[in-house]
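Just upload.pdb here, PDB, C-alpha atoms and all ligand atoms:
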MODEL        1
ATOM      1  CA  MET G   1     137.414 166.023  65.269
ATOM      2  CA  GLY G   2     140.187 163.552  64.636
ATOM      3  CA  GLN G   3     141.188 160.344  66.255
ATOM      4  CA  LYS G   4     142.787 160.161  69.669
ATOM      5  CA  LEU G   5     145.702 157.774  70.053
ATOM      6  CA  ARG G   6     147.467 156.682  73.214
ATOM      7  CA  PHE G   7     150.926 155.225  73.604
ATOM      8  CA  LYS G   8     153.138 153.933  76.341
ATOM      9  CA  VAL G   9     156.595 155.480  75.936
ATOM     10  CA  GLU G  10     159.762 154.158  77.562
ATOM     11  CA  GLY G  11     163.101 155.908  77.821
ATOM     12  CA  MET G  12     162.130 159.489  78.665
ATOM     13  CA  MET G  13     164.243 160.632  81.625
ATOM     14  CA  CYS G  14     163.630 164.362  81.924
ATOM     15  CA  GLU G  15     161.750 167.381  80.556
ATOM     16  CA  GLY G  16     164.397 167.620  77.829
ATOM     17  CA  CYS G  17     163.255 164.247  76.518
ATOM     18  CA  VAL G  18     159.645 165.421  76.641
ATOM     19  CA  SER G  19     160.389 168.497  74.550
ATOM     20  CA  THR G  20     162.531 166.506  72.109
ATOM     21  CA  LEU G  21     159.647 164.124  71.535
ATOM     22  CA  ARG G  22     157.104 166.939  71.344
ATOM     23  CA  LYS G  23     159.198 168.711  68.710
ATOM     24  CA  ALA G  24     159.541 165.552  66.625
ATOM     25  CA  LEU G  25     155.791 164.882  66.719
ATOM     26  CA  SER G  26     154.919 168.529  66.018
ATOM     27  CA  ARG G  27     156.592 168.247  62.603
ATOM     28  CA  GLU G  28     153.671 166.106  61.468
ATOM     29  CA  THR G  29     151.043 168.520  60.209
ATOM     30  CA  ASP G  30     148.124 166.194  60.937
ATOM     31  CA  VAL G  31     149.090 165.669  64.584
ATOM     32  CA  SER G  32     147.677 167.922  67.309
ATOM     33  CA  ASP G  33     146.861 168.041  71.031
ATOM     34  CA  ILE G  34     150.108 166.357  72.021
ATOM     35  CA  VAL G  35     150.112 165.454  75.706
ATOM     36  CA  ILE G  36     153.202 163.782  77.139
ATOM     37  CA  SER G  37     153.458 162.558  80.719
ATOM     38  CA  LEU G  38     156.966 161.939  81.968
ATOM     39  CA  GLU G  39     155.728 160.326  85.190
ATOM     40  CA  ARG G  40     153.197 158.012  83.590
ATOM     41  CA  HIS G  41     155.367 157.324  80.497
ATOM     42  CA  GLU G  42     152.420 158.213  78.341
ATOM     43  CA  LEU G  43     151.803 159.963  75.078
ATOM     44  CA  GLU G  44     148.409 161.062  73.867
ATOM     45  CA  LEU G  45     147.689 162.878  70.626
ATOM     46  CA  THR G  46     145.054 163.530  68.020
ATOM     47  CA  VAL G  47     145.492 162.685  64.346
ATOM     48  CA  GLN G  48     143.445 164.102  61.485
ATOM     49  CA  GLY G  49     142.513 161.950  58.513
ATOM     50  CA  THR G  50     144.369 158.782  57.677
ATOM     51  CA  SER G  51     147.768 160.090  56.612
ATOM     52  CA  VAL G  52     149.316 159.569  60.050
ATOM     53  CA  THR G  53     149.012 155.962  61.209
ATOM     54  CA  PRO G  54     149.852 154.605  64.659
ATOM     55  CA  THR G  55     152.810 152.885  62.994
ATOM     56  CA  ARG G  56     154.068 156.280  61.817
ATOM     57  CA  ILE G  57     153.823 157.662  65.358
ATOM     58  CA  LEU G  58     155.744 154.665  66.709
ATOM     59  CA  GLN G  59     158.407 155.294  64.085
ATOM     60  CA  ILE G  60     158.740 158.979  65.050
ATOM     61  CA  VAL G  61     159.056 158.082  68.732
ATOM     62  CA  GLU G  62     161.690 155.468  67.964
ATOM     63  CA  ASP G  63     163.626 157.807  65.648
ATOM     64  CA  ALA G  64     163.698 160.313  68.518
ATOM     65  CA  GLY G  65     165.393 157.653  70.654
ATOM     66  CA  TYR G  66     162.559 156.202  72.710
ATOM     67  CA  SER G  67     160.463 153.088  72.508
ATOM     68  CA  ALA G  68     156.709 153.012  72.343
ATOM     69  CA  ALA G  69     153.714 150.738  72.210
ATOM     70  CA  GLN G  70     150.168 151.690  71.340
ATOM     71  CA  ARG G  71     147.543 151.540  74.050
ATOM     72  CA  PRO G  72     143.861 150.845  73.571
TER      73      PRO G  72
HETATM   74 CU    CU O 101     165.918 163.733  79.031
ENDMDL
END

Just dump the structure as structure tokens.
Amino acid sequence: MGQKLRFKVEGMMCEGCVSTLRKALSRETDVSDIVISLERHELELTVQGTSVTPTRILQIVEDAGYSAAQRP
């Protein structure tokens, strides 16, 4: 189960950026199924429970050097 979240991510230029972001998000134990599209500037992931909020994801993305906004 878990909740699927979608984000628009700006600032990723290459596959290096994708793997940087993936690594940063993978450190969160309650985050899984990370899908990042460089072409569509999209991030999709699944969170378990309530410990990881969308705000936390936005913070991780921004700390990694990119900007993000949640999508419905
Ligand atoms: Cu890059």

Handout entry: Result set of the PyMOL selection byres (((not hetatm)) within 10 of (chain O and resi 101)) on the coordinates above, as a VMD selection string
Key = chain G and resid 11 to 21 38

Problem - Minimum-distance residue to Ala68 in chain G, chosen among G:Thr50, G:Thr55, G:Gln3, G:Ser26 (using all atoms listed in the file) - result: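 Comparing G:Thr50, G:Thr55, G:Gln3, G:Ser26 against Ala68 in chain G, the winner is G:Thr55.
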
Exercise for the section: Figure out the distance between CA of Ser37 in chain G and CA of Val61 in chain G, please, to one decimal in Å. Expected result: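 So the answer is 14.0 Å.
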
Handout entry: G:Ile36, G:Met1, G:Val31, G:Tyr66 ranked by distance to Pro54 in chain G, top pick (using all atoms listed in the file)
Key = G:Val31

Per-axis box centre and lengths in Å around range 48-62 of chain G, 8 Å margin per side, axis-aligned, as AutoDock Vina command-line options:
--center_x 152.1 --center_y 158.5 --center_z 62.7 --size_x 35.2 --size_y 27.2 --size_z 28.1

Exercise for the section: Starting from the displayed file, determine the output of the PyMOL selection byres (((chain G and resi 69) around 7) and not hetatm) and express the residue list as number ranges by chain. Expected result: G: 7-9, 68, 70-71

Atoms kept (C-alpha atoms) for selection, written as a PDB file, in the frame of the given file:
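New file again_16.pdb:
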ATOM      1  CA  PHE G   7     150.926 155.225  73.604  1.00  0.00           C
ATOM      2  CA  LYS G   8     153.138 153.933  76.341  1.00  0.00           C
ATOM      3  CA  VAL G   9     156.595 155.480  75.936  1.00  0.00           C
ATOM      4  CA  ALA G  68     156.709 153.012  72.343  1.00  0.00           C
ATOM      5  CA  GLN G  70     150.168 151.690  71.340  1.00  0.00           C
ATOM      6  CA  ARG G  71     147.543 151.540  74.050  1.00  0.00           C
TER       7      ARG G  71
END

Handout entry: One-decimal distance in Å that lies between CA of Gly2 in chain G and CA of Ser67 in chain G
Key =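 Atom-to-atom, CA of Ser67 in chain G and CA of Gly2 in chain G are spaced 24.1 Å apart.
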
Practice task
Run the PyMOL selection byres (((chain G and resi 52) around 12) and not hetatm) on the file and write out the hits as a list of chain:residue names.
Solution key: G:Gly2, G:Gln3, G:Lys4, G:Leu5, G:Leu25, G:Arg27, G:Glu28, G:Thr29, G:Asp30, G:Val31, G:Ser32, G:Leu45, G:Thr46, G:Val47, G:Gln48, G:Gly49, G:Thr50, G:Ser51, G:Thr53, G:Pro54, G:Thr55, G:Arg56, G:Ile57, G:Leu58, G:Gln59, G:Ile60
